[in-house]
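Peer 1: Input file: entry-v4.cif. Contents: mmCIF, C-alpha atoms.
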```
data_model
loop_
_atom_site.group_PDB
_atom_site.id
_atom_site.type_symbol
_atom_site.label_atom_id
_atom_site.label_comp_id
_atom_site.auth_asym_id
_atom_site.auth_seq_id
_atom_site.Cartn_x
_atom_site.Cartn_y
_atom_site.Cartn_z
ATOM 1 C CA MET A 1 97.452 19.623 -85.696
ATOM 2 C CA ASN A 2 95.538 19.706 -82.414
ATOM 3 C CA SER A 3 98.060 17.303 -80.899
ATOM 4 C CA CYS A 4 100.899 19.660 -81.861
ATOM 5 C CA MET A 5 98.951 22.601 -80.461
ATOM 6 C CA ARG A 6 98.481 20.746 -77.172
ATOM 7 C CA CYS A 7 102.238 20.117 -76.995
ATOM 8 C CA VAL A 8 103.015 23.794 -77.626
ATOM 9 C CA LEU A 9 100.541 24.963 -74.974
ATOM 10 C CA PHE A 10 101.842 22.480 -72.424
ATOM 11 C CA LEU A 11 105.491 23.407 -72.988
ATOM 12 C CA THR A 12 104.714 27.135 -73.072
ATOM 13 C CA PHE A 13 102.446 27.577 -70.083
ATOM 14 C CA THR A 14 103.392 24.748 -67.716
ATOM 15 C CA GLU A 15 105.692 26.099 -65.027
ATOM 16 C CA PRO A 16 107.628 24.300 -62.274
ATOM 17 C CA GLN A 17 105.318 23.633 -59.345
ATOM 18 C CA GLU A 18 104.732 21.082 -56.617
ATOM 19 C CA GLU A 19 105.617 17.566 -57.681
ATOM 20 C CA ASP A 20 102.062 16.183 -57.325
ATOM 21 C CA ALA A 21 100.504 19.039 -59.266
ATOM 22 C CA TYR A 22 103.108 18.780 -62.020
ATOM 23 C CA THR A 23 102.606 15.008 -62.271
ATOM 24 C CA ARG A 24 98.855 15.512 -62.661
ATOM 25 C CA ALA A 25 99.465 18.100 -65.374
ATOM 26 C CA VAL A 26 101.779 15.736 -67.259
ATOM 27 C CA LEU A 27 99.332 12.828 -66.978
ATOM 28 C CA THR A 28 96.438 15.027 -68.160
ATOM 29 C CA PHE A 29 98.496 16.123 -71.147
ATOM 30 C CA ILE A 30 99.525 12.559 -72.050
ATOM 31 C CA VAL A 31 95.989 11.159 -71.717
ATOM 32 C CA GLY A 32 94.577 13.969 -73.879
ATOM 33 C CA LEU A 33 97.267 13.421 -76.500
ATOM 34 C CA VAL A 34 96.711 9.657 -76.624
ATOM 35 C CA MET A 35 92.940 10.088 -76.902
ATOM 36 C CA LEU A 36 93.299 12.560 -79.779
ATOM 37 C CA GLU A 37 95.639 10.265 -81.691
ATOM 38 C CA THR A 38 93.457 7.209 -81.020
ATOM 39 C CA TRP A 39 90.343 9.000 -82.220
ATOM 40 C CA GLY A 40 92.184 10.146 -85.347
ATOM 41 C CA ILE A 41 93.143 6.541 -86.156
ATOM 42 C CA PHE A 42 89.548 5.441 -85.504
ATOM 43 C CA VAL A 43 88.156 8.014 -87.949
ATOM 44 C CA TYR A 44 90.758 7.020 -90.531
ATOM 45 C CA ILE A 45 89.598 3.394 -90.239
ATOM 46 C CA LEU A 46 86.005 4.563 -90.809
ATOM 47 C CA TYR A 47 87.185 6.362 -93.948
ATOM 48 C CA ILE A 48 88.910 3.207 -95.229
ATOM 49 C CA VAL A 49 85.775 1.101 -94.593
ATOM 50 C CA ARG A 50 83.536 3.654 -96.294
ATOM 51 C CA PHE A 51 85.866 3.851 -99.305
ATOM 52 C CA SER A 52 86.013 0.039 -99.491
ATOM 53 C CA PHE A 53 82.216 -0.090 -99.724
ATOM 54 C CA GLN A 54 82.292 2.466 -102.535
ATOM 55 C CA ARG A 55 84.713 0.242 -104.442
ATOM 56 C CA HIS A 56 82.673 -2.857 -103.523
ATOM 57 C CA PHE A 57 79.482 -1.381 -104.978
ATOM 58 C CA THR A 58 81.345 -0.474 -108.180
ATOM 59 C CA LEU A 59 82.575 -4.057 -108.514
ATOM 60 C CA LEU A 60 79.110 -5.400 -107.669
ATOM 61 C CA LEU A 61 77.607 -3.268 -110.416
ATOM 62 C CA SER A 62 80.037 -4.803 -112.927
ATOM 63 C CA PHE A 63 79.255 -8.278 -111.567
ATOM 64 C CA ILE A 64 75.504 -7.808 -112.032
ATOM 65 C CA GLU A 65 76.020 -6.462 -115.535
ATOM 66 C CA GLU A 66 78.255 -9.419 -116.396
ATOM 67 C CA HIS A 67 75.761 -11.967 -114.976
ATOM 68 C CA GLU A 68 72.687 -10.323 -116.441
ATOM 69 C CA GLY A 69 69.806 -12.795 -116.427
ATOM 70 C CA GLU A 70 71.149 -14.967 -113.569
ATOM 71 C CA ILE A 71 68.784 -13.702 -110.898
ATOM 72 C CA ASP A 72 69.655 -16.234 -108.162
ATOM 73 C CA VAL A 73 73.410 -15.596 -108.423
ATOM 74 C CA CYS A 74 73.022 -11.810 -108.435
ATOM 75 C CA ARG A 75 70.457 -11.812 -105.645
ATOM 76 C CA GLY A 76 72.692 -13.969 -103.440
ATOM 77 C CA VAL A 77 75.758 -11.745 -103.871
ATOM 78 C CA LEU A 78 73.628 -8.621 -103.427
ATOM 79 C CA SER A 79 72.216 -9.917 -100.130
ATOM 80 C CA GLU A 80 75.693 -10.666 -98.753
ATOM 81 C CA VAL A 81 77.047 -7.232 -99.658
ATOM 82 C CA PHE A 82 74.037 -5.408 -98.276
ATOM 83 C CA SER A 83 74.225 -7.423 -95.057
ATOM 84 C CA ASP A 84 77.796 -6.203 -94.489
ATOM 85 C CA PHE A 85 76.897 -2.657 -95.476
ATOM 86 C CA SER A 86 73.892 -2.721 -93.151
ATOM 87 C CA CYS A 87 76.130 -3.576 -90.172
ATOM 88 C CA PHE A 88 78.424 -0.671 -90.981
ATOM 89 C CA ARG A 89 75.498 1.682 -91.412
ATOM 90 C CA ARG A 90 73.998 0.699 -88.061
ATOM 91 C CA PHE A 91 77.331 1.352 -86.381
ATOM 92 C CA SER A 92 77.764 4.748 -88.056
ATOM 93 C CA HIS A 93 74.149 5.654 -87.272
ATOM 94 C CA THR A 94 74.666 4.866 -83.580
ATOM 95 C CA TYR A 95 77.950 6.761 -83.507
ATOM 96 C CA THR A 96 76.303 9.791 -85.125
ATOM 97 C CA LEU A 97 73.487 9.752 -82.550
ATOM 98 C CA VAL A 98 76.084 9.788 -79.769
ATOM 99 C CA MET A 99 78.577 12.196 -81.320
ATOM 100 C CA PHE A 100 76.338 15.122 -82.278
ATOM 101 C CA PRO A 101 74.753 15.616 -78.825
ATOM 102 C CA ILE A 102 78.242 15.457 -77.284
ATOM 103 C CA ALA A 103 79.493 18.009 -79.818
ATOM 104 C CA PHE A 104 76.528 20.268 -79.018
ATOM 105 C CA ILE A 105 77.235 20.030 -75.270
ATOM 106 C CA ALA A 106 80.911 20.769 -75.953
ATOM 107 C CA MET A 107 80.008 23.886 -77.959
ATOM 108 C CA ALA A 108 77.596 25.100 -75.274
ATOM 109 C CA SER A 109 80.172 24.479 -72.535
ATOM 110 C CA ASN A 110 82.883 26.244 -74.487
ATOM 111 C CA LEU A 111 80.704 29.286 -75.129
ATOM 112 C CA SER A 112 79.754 29.441 -71.450
ATOM 113 C CA TRP A 113 83.412 29.235 -70.436
ATOM 114 C CA GLU A 114 84.373 31.985 -72.891
ATOM 115 C CA TYR A 115 81.616 34.189 -71.519
ATOM 116 C CA LEU A 116 82.808 33.632 -67.944
ATOM 117 C CA MET A 117 86.432 34.304 -68.863
ATOM 118 C CA TYR A 118 85.727 37.399 -70.972
ATOM 119 C CA LYS A 119 85.799 39.830 -68.045
ATOM 120 C CA ALA A 120 88.871 38.213 -66.487
ATOM 121 C CA CYS A 121 90.758 38.377 -69.788
ATOM 122 C CA ARG A 122 89.800 42.008 -70.322
ATOM 123 C CA ASN A 123 91.126 43.048 -66.904
ATOM 124 C CA ASN A 124 94.204 40.829 -66.814
ATOM 125 C CA GLU A 125 96.622 40.523 -69.742
ATOM 126 C CA ASP A 126 98.398 37.513 -68.239
ATOM 127 C CA VAL A 127 95.123 35.575 -68.089
ATOM 128 C CA ALA A 128 94.306 36.618 -71.656
ATOM 129 C CA LYS A 129 97.663 35.327 -72.932
ATOM 130 C CA ILE A 130 96.867 31.889 -71.532
ATOM 131 C CA GLN A 131 93.138 31.801 -72.227
ATOM 132 C CA THR A 132 93.259 32.889 -75.880
ATOM 133 C CA PRO A 133 95.227 29.867 -77.203
ATOM 134 C CA ILE A 134 93.292 27.497 -74.931
ATOM 135 C CA THR A 135 90.026 28.812 -76.384
ATOM 136 C CA ALA A 136 91.402 28.412 -79.906
ATOM 137 C CA LEU A 137 92.376 24.812 -79.119
ATOM 138 C CA ALA A 138 88.918 24.032 -77.724
ATOM 139 C CA ARG A 139 87.200 25.458 -80.801
ATOM 140 C CA SER A 140 89.573 23.596 -83.089
ATOM 141 C CA GLU A 141 88.915 20.274 -81.369
ATOM 142 C CA ILE A 142 85.138 20.727 -81.610
ATOM 143 C CA VAL A 143 85.343 21.568 -85.319
ATOM 144 C CA MET A 144 87.698 18.643 -85.841
ATOM 145 C CA GLY A 145 85.329 16.288 -84.028
ATOM 146 C CA ILE A 146 82.453 17.126 -86.352
ATOM 147 C CA GLY A 147 84.235 17.977 -89.587
ATOM 148 C CA LEU A 148 86.683 15.093 -89.676
ATOM 149 C CA TYR A 149 83.934 12.528 -89.063
ATOM 150 C CA ILE A 150 81.663 13.940 -91.791
ATOM 151 C CA THR A 151 84.621 14.092 -94.181
ATOM 152 C CA ALA A 152 85.563 10.483 -93.437
ATOM 153 C CA MET A 153 82.011 9.223 -93.974
ATOM 154 C CA GLY A 154 81.261 11.480 -96.948
ATOM 155 C CA ALA A 155 77.979 12.581 -95.330
ATOM 156 C CA VAL A 156 76.071 12.358 -92.069
ATOM 157 C CA ASN A 157 74.081 9.362 -93.359
ATOM 158 C CA ILE A 158 76.085 6.842 -95.414
ATOM 159 C CA MET A 159 72.932 5.376 -96.981
ATOM 160 C CA TYR A 160 73.775 7.632 -99.941
ATOM 161 C CA LEU A 161 76.237 4.908 -101.050
ATOM 162 C CA TRP A 162 73.397 2.415 -101.433
ATOM 163 C CA ASP A 163 71.118 5.015 -103.061
ATOM 164 C CA ASN A 164 73.784 5.803 -105.667
ATOM 165 C CA PHE A 165 74.262 2.100 -106.325
ATOM 166 C CA PHE A 166 70.489 1.604 -106.638
ATOM 167 C CA ARG A 167 70.331 4.439 -109.181
ATOM 168 C CA ASP A 168 73.180 2.908 -111.218
ATOM 169 C CA VAL A 169 71.418 -0.478 -111.257
ATOM 170 C CA ARG A 170 68.252 1.149 -112.591
ATOM 171 C CA ARG A 171 70.281 2.641 -115.435
ATOM 172 C CA LEU A 172 71.410 -0.836 -116.503
ATOM 173 C CA HIS A 173 67.828 -1.948 -117.129
ATOM 174 C CA SER A 174 67.454 -3.491 -120.596
ATOM 175 C CA GLU A 175 64.409 -4.718 -122.511
ATOM 176 C CA ARG A 176 66.111 -8.009 -123.351
ATOM 177 C CA TYR A 177 66.245 -9.047 -119.679
ATOM 178 C CA ASP A 178 63.280 -7.008 -118.517
ATOM 179 C CA GLU A 179 62.029 -9.617 -116.038
ATOM 180 C CA PHE A 180 65.514 -10.037 -114.524
ATOM 181 C CA TRP A 181 65.904 -6.292 -113.944
ATOM 182 C CA ARG A 182 62.412 -5.944 -112.508
ATOM 183 C CA LYS A 183 63.192 -8.706 -109.990
ATOM 184 C CA MET A 184 66.539 -7.133 -109.124
ATOM 185 C CA ILE A 185 64.988 -3.709 -108.561
ATOM 186 C CA LEU A 186 62.199 -5.279 -106.499
ATOM 187 C CA CYS A 187 64.768 -7.149 -104.382
ATOM 188 C CA MET A 188 66.759 -3.957 -103.793
ATOM 189 C CA SER A 189 63.600 -2.030 -102.937
ATOM 190 C CA VAL A 190 62.623 -4.632 -100.342
ATOM 191 C CA VAL A 191 65.990 -4.626 -98.577
ATOM 192 C CA SER A 192 66.121 -0.809 -98.722
ATOM 193 C CA ASN A 193 62.662 -0.497 -97.166
ATOM 194 C CA ASN A 194 63.495 -3.016 -94.453
ATOM 195 C CA GLU A 195 66.643 -1.064 -93.599
ATOM 196 C CA THR A 196 64.709 2.212 -93.500
ATOM 197 C CA ASN A 197 62.034 0.699 -91.278
ATOM 198 C CA PHE A 198 64.716 -0.526 -88.878
ATOM 199 C CA PHE A 199 65.897 3.038 -88.321
ATOM 200 C CA LEU A 200 62.382 4.375 -87.930
ATOM 201 C CA VAL A 201 61.589 1.964 -85.068
#
```
What does this structure look like when you write it as structure tokens?

Peer 2:
Amino acid sequence: MNSCMRCVLFLTFTEPQEEDAYTRAVLTFIVGLVMLETWGIFVYILYIVRFSFQRHFTLLLSFIEEHEGEIDVCRGVLSEVFSDFSCFRRFSHTYTLVMFPIAFIAMASNLSWEYLMYKACRNNEDVAKIQTPITALARSEIVMGIGLYITAMGAVNIMYLWDNFFRDVRRLHSERYDEFWRKMILCMSVVSNNETNFFLV
């Protein structure tokens, strides 16, 4: 949507001018369009990875239930899955730490720009006609930057996937294999605590 809006604004407000200036305007438009589309693909890939982990945890839950009592087998598979999930979580955690400050700076910059342009727009209708859609585009891109990422990940912190899985494992606890389930829960608690400690350092 923002890409289409950029196209409309460019075609509507770009007028014939000196060749160098027009070339710069075209290049700016193309670079912005490519970056928007690339970022959209990147977020879609994050969504696919997050959804794959959701499915993986569901399958892992069935695997543990099927191999109830085989602690070494279940512990080995659990460690491999959590290792992969941990890598993804570290990446998403780093990306979140970078993205939110940038989004905050973008919001502050946009508000400052709107404040500076308010008087000019009030006194000049031509400026207002150009500035109003540009402001709408800027707001839309900021909202998209935050909202689309959170939607793709399902939350700000994807550790909720592991917490939900941990809760489901606890529900499978049976008296017949009490020792097995206690060891499984202990193993999951250890890896969870180690992961938490990593992010507190």

Peer 1: Selected by the PyMOL selection byres ((chain A and resi 53) around 12) in the shown coordinates: which residues, as a PyMOL selection string?

Peer 2: chain A and resi 46-52+54-60+81-89+153-154+158-162+164-165

Peer 1: Take the point (85.0, 19.3, -83.1) as written in the file and pick out every residue within 12 Å of it, counting all atoms listed in the file; give the list as a PDB file with C-alpha atoms, in the frame of the given file.

Peer 2:
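And here is the file that came out, out.pdb:
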```pdb
ATOM      1  CA  ASN A   2      95.538  19.706 -82.414  1.00  0.00           C
ATOM      2  CA  LEU A  36      93.299  12.560 -79.779  1.00  0.00           C
ATOM      3  CA  TRP A  39      90.343   9.000 -82.220  1.00  0.00           C
ATOM      4  CA  GLY A  40      92.184  10.146 -85.347  1.00  0.00           C
ATOM      5  CA  MET A  99      78.577  12.196 -81.320  1.00  0.00           C
ATOM      6  CA  PHE A 100      76.338  15.122 -82.278  1.00  0.00           C
ATOM      7  CA  PRO A 101      74.753  15.616 -78.825  1.00  0.00           C
ATOM      8  CA  ILE A 102      78.242  15.457 -77.284  1.00  0.00           C
ATOM      9  CA  ALA A 103      79.493  18.009 -79.818  1.00  0.00           C
ATOM     10  CA  PHE A 104      76.528  20.268 -79.018  1.00  0.00           C
ATOM     11  CA  ILE A 105      77.235  20.030 -75.270  1.00  0.00           C
ATOM     12  CA  ALA A 106      80.911  20.769 -75.953  1.00  0.00           C
ATOM     13  CA  MET A 107      80.008  23.886 -77.959  1.00  0.00           C
ATOM     14  CA  ASN A 110      82.883  26.244 -74.487  1.00  0.00           C
ATOM     15  CA  ALA A 136      91.402  28.412 -79.906  1.00  0.00           C
ATOM     16  CA  LEU A 137      92.376  24.812 -79.119  1.00  0.00           C
ATOM     17  CA  ALA A 138      88.918  24.032 -77.724  1.00  0.00           C
ATOM     18  CA  ARG A 139      87.200  25.458 -80.801  1.00  0.00           C
ATOM     19  CA  SER A 140      89.573  23.596 -83.089  1.00  0.00           C
ATOM     20  CA  GLU A 141      88.915  20.274 -81.369  1.00  0.00           C
ATOM     21  CA  ILE A 142      85.138  20.727 -81.610  1.00  0.00           C
ATOM     22  CA  VAL A 143      85.343  21.568 -85.319  1.00  0.00           C
ATOM     23  CA  MET A 144      87.698  18.643 -85.841  1.00  0.00           C
ATOM     24  CA  GLY A 145      85.329  16.288 -84.028  1.00  0.00           C
ATOM     25  CA  ILE A 146      82.453  17.126 -86.352  1.00  0.00           C
ATOM     26  CA  GLY A 147      84.235  17.977 -89.587  1.00  0.00           C
ATOM     27  CA  LEU A 148      86.683  15.093 -89.676  1.00  0.00           C
ATOM     28  CA  TYR A 149      83.934  12.528 -89.063  1.00  0.00           C
ATOM     29  CA  ILE A 150      81.663  13.940 -91.791  1.00  0.00           C
TER      30      ILE A 150
END
```

Peer 1: Taking all atoms listed in the file into account, name the residue in A:Ser109, A:Ala155, A:Leu27, A:Leu61 that is nearest to Arg167 in chain A.

Peer 2: A:Leu61

Peer 1: To one decimal in Å, tell me the separation between CA of Glu65 in chain A and CA of Leu172 in chain A.

Peer 2: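 Interatomic distance here is 7.3 Å.
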
Peer 1: Would you work out the distance separating CA of Phe180 in chain A from CA of Gly69 in chain A, expressed in Å to one decimal?

Peer 2: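 Between CA of Phe180 in chain A and CA of Gly69 in chain A the gap is 5.4 Å.
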
Peer 1: Where atoms are absent from range 97-108 of chain A, fill them in so it carries all heavy atoms, then output it as a PDB file, in the frame of the given file.

Peer 2:
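Wrote selection.pdb, looks like this:
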```
ATOM      1  N   LEU A  97      74.441   9.384 -83.595  1.00  0.00           N
ATOM      2  CA  LEU A  97      73.487   9.752 -82.550  1.00  0.00           C
ATOM      3  C   LEU A  97      74.183  10.108 -81.240  1.00  0.00           C
ATOM      4  O   LEU A  97      73.685  10.927 -80.467  1.00  0.00           O
ATOM      5  CB  LEU A  97      72.506   8.599 -82.304  1.00  0.00           C
ATOM      6  CG  LEU A  97      71.481   8.326 -83.404  1.00  0.00           C
ATOM      7  CD1 LEU A  97      70.624   7.123 -83.036  1.00  0.00           C
ATOM      8  CD2 LEU A  97      70.607   9.546 -83.653  1.00  0.00           C
ATOM      9  N   VAL A  98      75.328   9.496 -80.992  1.00  0.00           N
ATOM     10  CA  VAL A  98      76.084   9.788 -79.769  1.00  0.00           C
ATOM     11  C   VAL A  98      76.950  11.033 -79.945  1.00  0.00           C
ATOM     12  O   VAL A  98      77.037  11.883 -79.047  1.00  0.00           O
ATOM     13  CB  VAL A  98      76.962   8.576 -79.376  1.00  0.00           C
ATOM     14  CG1 VAL A  98      77.884   8.931 -78.212  1.00  0.00           C
ATOM     15  CG2 VAL A  98      76.096   7.387 -79.004  1.00  0.00           C
ATOM     16  N   MET A  99      77.592  11.138 -81.115  1.00  0.00           N
ATOM     17  CA  MET A  99      78.577  12.196 -81.320  1.00  0.00           C
ATOM     18  C   MET A  99      77.980  13.592 -81.366  1.00  0.00           C
ATOM     19  O   MET A  99      78.515  14.527 -80.753  1.00  0.00           O
ATOM     20  CB  MET A  99      79.346  11.942 -82.626  1.00  0.00           C
ATOM     21  CG  MET A  99      80.476  12.941 -82.864  1.00  0.00           C
ATOM     22  SD  MET A  99      81.037  12.977 -84.575  1.00  0.00           S
ATOM     23  CE  MET A  99      79.609  13.673 -85.407  1.00  0.00           C
ATOM     24  N   PHE A 100      76.871  13.771 -82.092  1.00  0.00           N
ATOM     25  CA  PHE A 100      76.338  15.122 -82.278  1.00  0.00           C
ATOM     26  C   PHE A 100      75.813  15.752 -80.979  1.00  0.00           C
ATOM     27  O   PHE A 100      76.056  16.932 -80.727  1.00  0.00           O
ATOM     28  CB  PHE A 100      75.271  15.126 -83.371  1.00  0.00           C
ATOM     29  CG  PHE A 100      75.861  15.239 -84.746  1.00  0.00           C
ATOM     30  CD1 PHE A 100      76.085  14.116 -85.517  1.00  0.00           C
ATOM     31  CD2 PHE A 100      76.229  16.469 -85.266  1.00  0.00           C
ATOM     32  CE1 PHE A 100      76.661  14.208 -86.772  1.00  0.00           C
ATOM     33  CE2 PHE A 100      76.798  16.587 -86.527  1.00  0.00           C
ATOM     34  CZ  PHE A 100      77.013  15.450 -87.283  1.00  0.00           C
ATOM     35  N   PRO A 101      75.116  15.016 -80.118  1.00  0.00           N
ATOM     36  CA  PRO A 101      74.753  15.616 -78.825  1.00  0.00           C
ATOM     37  C   PRO A 101      75.975  15.994 -77.993  1.00  0.00           C
ATOM     38  O   PRO A 101      75.990  17.049 -77.341  1.00  0.00           O
ATOM     39  CB  PRO A 101      73.934  14.515 -78.131  1.00  0.00           C
ATOM     40  CG  PRO A 101      73.384  13.704 -79.240  1.00  0.00           C
ATOM     41  CD  PRO A 101      74.442  13.707 -80.298  1.00  0.00           C
ATOM     42  N   ILE A 102      77.018  15.146 -78.021  1.00  0.00           N
ATOM     43  CA  ILE A 102      78.242  15.457 -77.284  1.00  0.00           C
ATOM     44  C   ILE A 102      78.889  16.717 -77.851  1.00  0.00           C
ATOM     45  O   ILE A 102      79.367  17.581 -77.105  1.00  0.00           O
ATOM     46  CB  ILE A 102      79.218  14.265 -77.328  1.00  0.00           C
ATOM     47  CG1 ILE A 102      78.660  13.105 -76.507  1.00  0.00           C
ATOM     48  CG2 ILE A 102      80.596  14.664 -76.812  1.00  0.00           C
ATOM     49  CD1 ILE A 102      79.494  11.844 -76.574  1.00  0.00           C
ATOM     50  N   ALA A 103      78.915  16.822 -79.174  1.00  0.00           N
ATOM     51  CA  ALA A 103      79.493  18.009 -79.818  1.00  0.00           C
ATOM     52  C   ALA A 103      78.696  19.266 -79.452  1.00  0.00           C
ATOM     53  O   ALA A 103      79.277  20.337 -79.214  1.00  0.00           O
ATOM     54  CB  ALA A 103      79.520  17.827 -81.332  1.00  0.00           C
ATOM     55  N   PHE A 104      77.369  19.125 -79.393  1.00  0.00           N
ATOM     56  CA  PHE A 104      76.528  20.268 -79.018  1.00  0.00           C
ATOM     57  C   PHE A 104      76.809  20.701 -77.577  1.00  0.00           C
ATOM     58  O   PHE A 104      76.920  21.897 -77.280  1.00  0.00           O
ATOM     59  CB  PHE A 104      75.054  19.907 -79.184  1.00  0.00           C
ATOM     60  CG  PHE A 104      74.114  20.993 -78.771  1.00  0.00           C
ATOM     61  CD1 PHE A 104      73.868  22.073 -79.605  1.00  0.00           C
ATOM     62  CD2 PHE A 104      73.477  20.954 -77.530  1.00  0.00           C
ATOM     63  CE1 PHE A 104      73.000  23.095 -79.220  1.00  0.00           C
ATOM     64  CE2 PHE A 104      72.622  21.959 -77.134  1.00  0.00           C
ATOM     65  CZ  PHE A 104      72.376  23.040 -77.987  1.00  0.00           C
ATOM     66  N   ILE A 105      76.922  19.719 -76.669  1.00  0.00           N
ATOM     67  CA  ILE A 105      77.235  20.030 -75.270  1.00  0.00           C
ATOM     68  C   ILE A 105      78.608  20.688 -75.166  1.00  0.00           C
ATOM     69  O   ILE A 105      78.803  21.642 -74.394  1.00  0.00           O
ATOM     70  CB  ILE A 105      77.193  18.741 -74.419  1.00  0.00           C
ATOM     71  CG1 ILE A 105      75.758  18.227 -74.327  1.00  0.00           C
ATOM     72  CG2 ILE A 105      77.744  18.989 -73.017  1.00  0.00           C
ATOM     73  CD1 ILE A 105      75.630  16.854 -73.703  1.00  0.00           C
ATOM     74  N   ALA A 106      79.564  20.186 -75.961  1.00  0.00           N
ATOM     75  CA  ALA A 106      80.911  20.769 -75.953  1.00  0.00           C
ATOM     76  C   ALA A 106      80.883  22.217 -76.424  1.00  0.00           C
ATOM     77  O   ALA A 106      81.548  23.089 -75.836  1.00  0.00           O
ATOM     78  CB  ALA A 106      81.839  19.939 -76.844  1.00  0.00           C
ATOM     79  N   MET A 107      80.111  22.509 -77.469  1.00  0.00           N
ATOM     80  CA  MET A 107      80.008  23.886 -77.959  1.00  0.00           C
ATOM     81  C   MET A 107      79.363  24.795 -76.922  1.00  0.00           C
ATOM     82  O   MET A 107      79.828  25.918 -76.682  1.00  0.00           O
ATOM     83  CB  MET A 107      79.202  23.919 -79.265  1.00  0.00           C
ATOM     84  CG  MET A 107      79.958  23.419 -80.471  1.00  0.00           C
ATOM     85  SD  MET A 107      79.069  23.682 -82.023  1.00  0.00           S
ATOM     86  CE  MET A 107      77.801  22.421 -81.903  1.00  0.00           C
ATOM     87  N   ALA A 108      78.282  24.300 -76.291  1.00  0.00           N
ATOM     88  CA  ALA A 108      77.596  25.100 -75.274  1.00  0.00           C
ATOM     89  C   ALA A 108      78.515  25.356 -74.074  1.00  0.00           C
ATOM     90  O   ALA A 108      78.571  26.480 -73.547  1.00  0.00           O
ATOM     91  CB  ALA A 108      76.320  24.388 -74.830  1.00  0.00           C
TER      92      ALA A 108
END
```
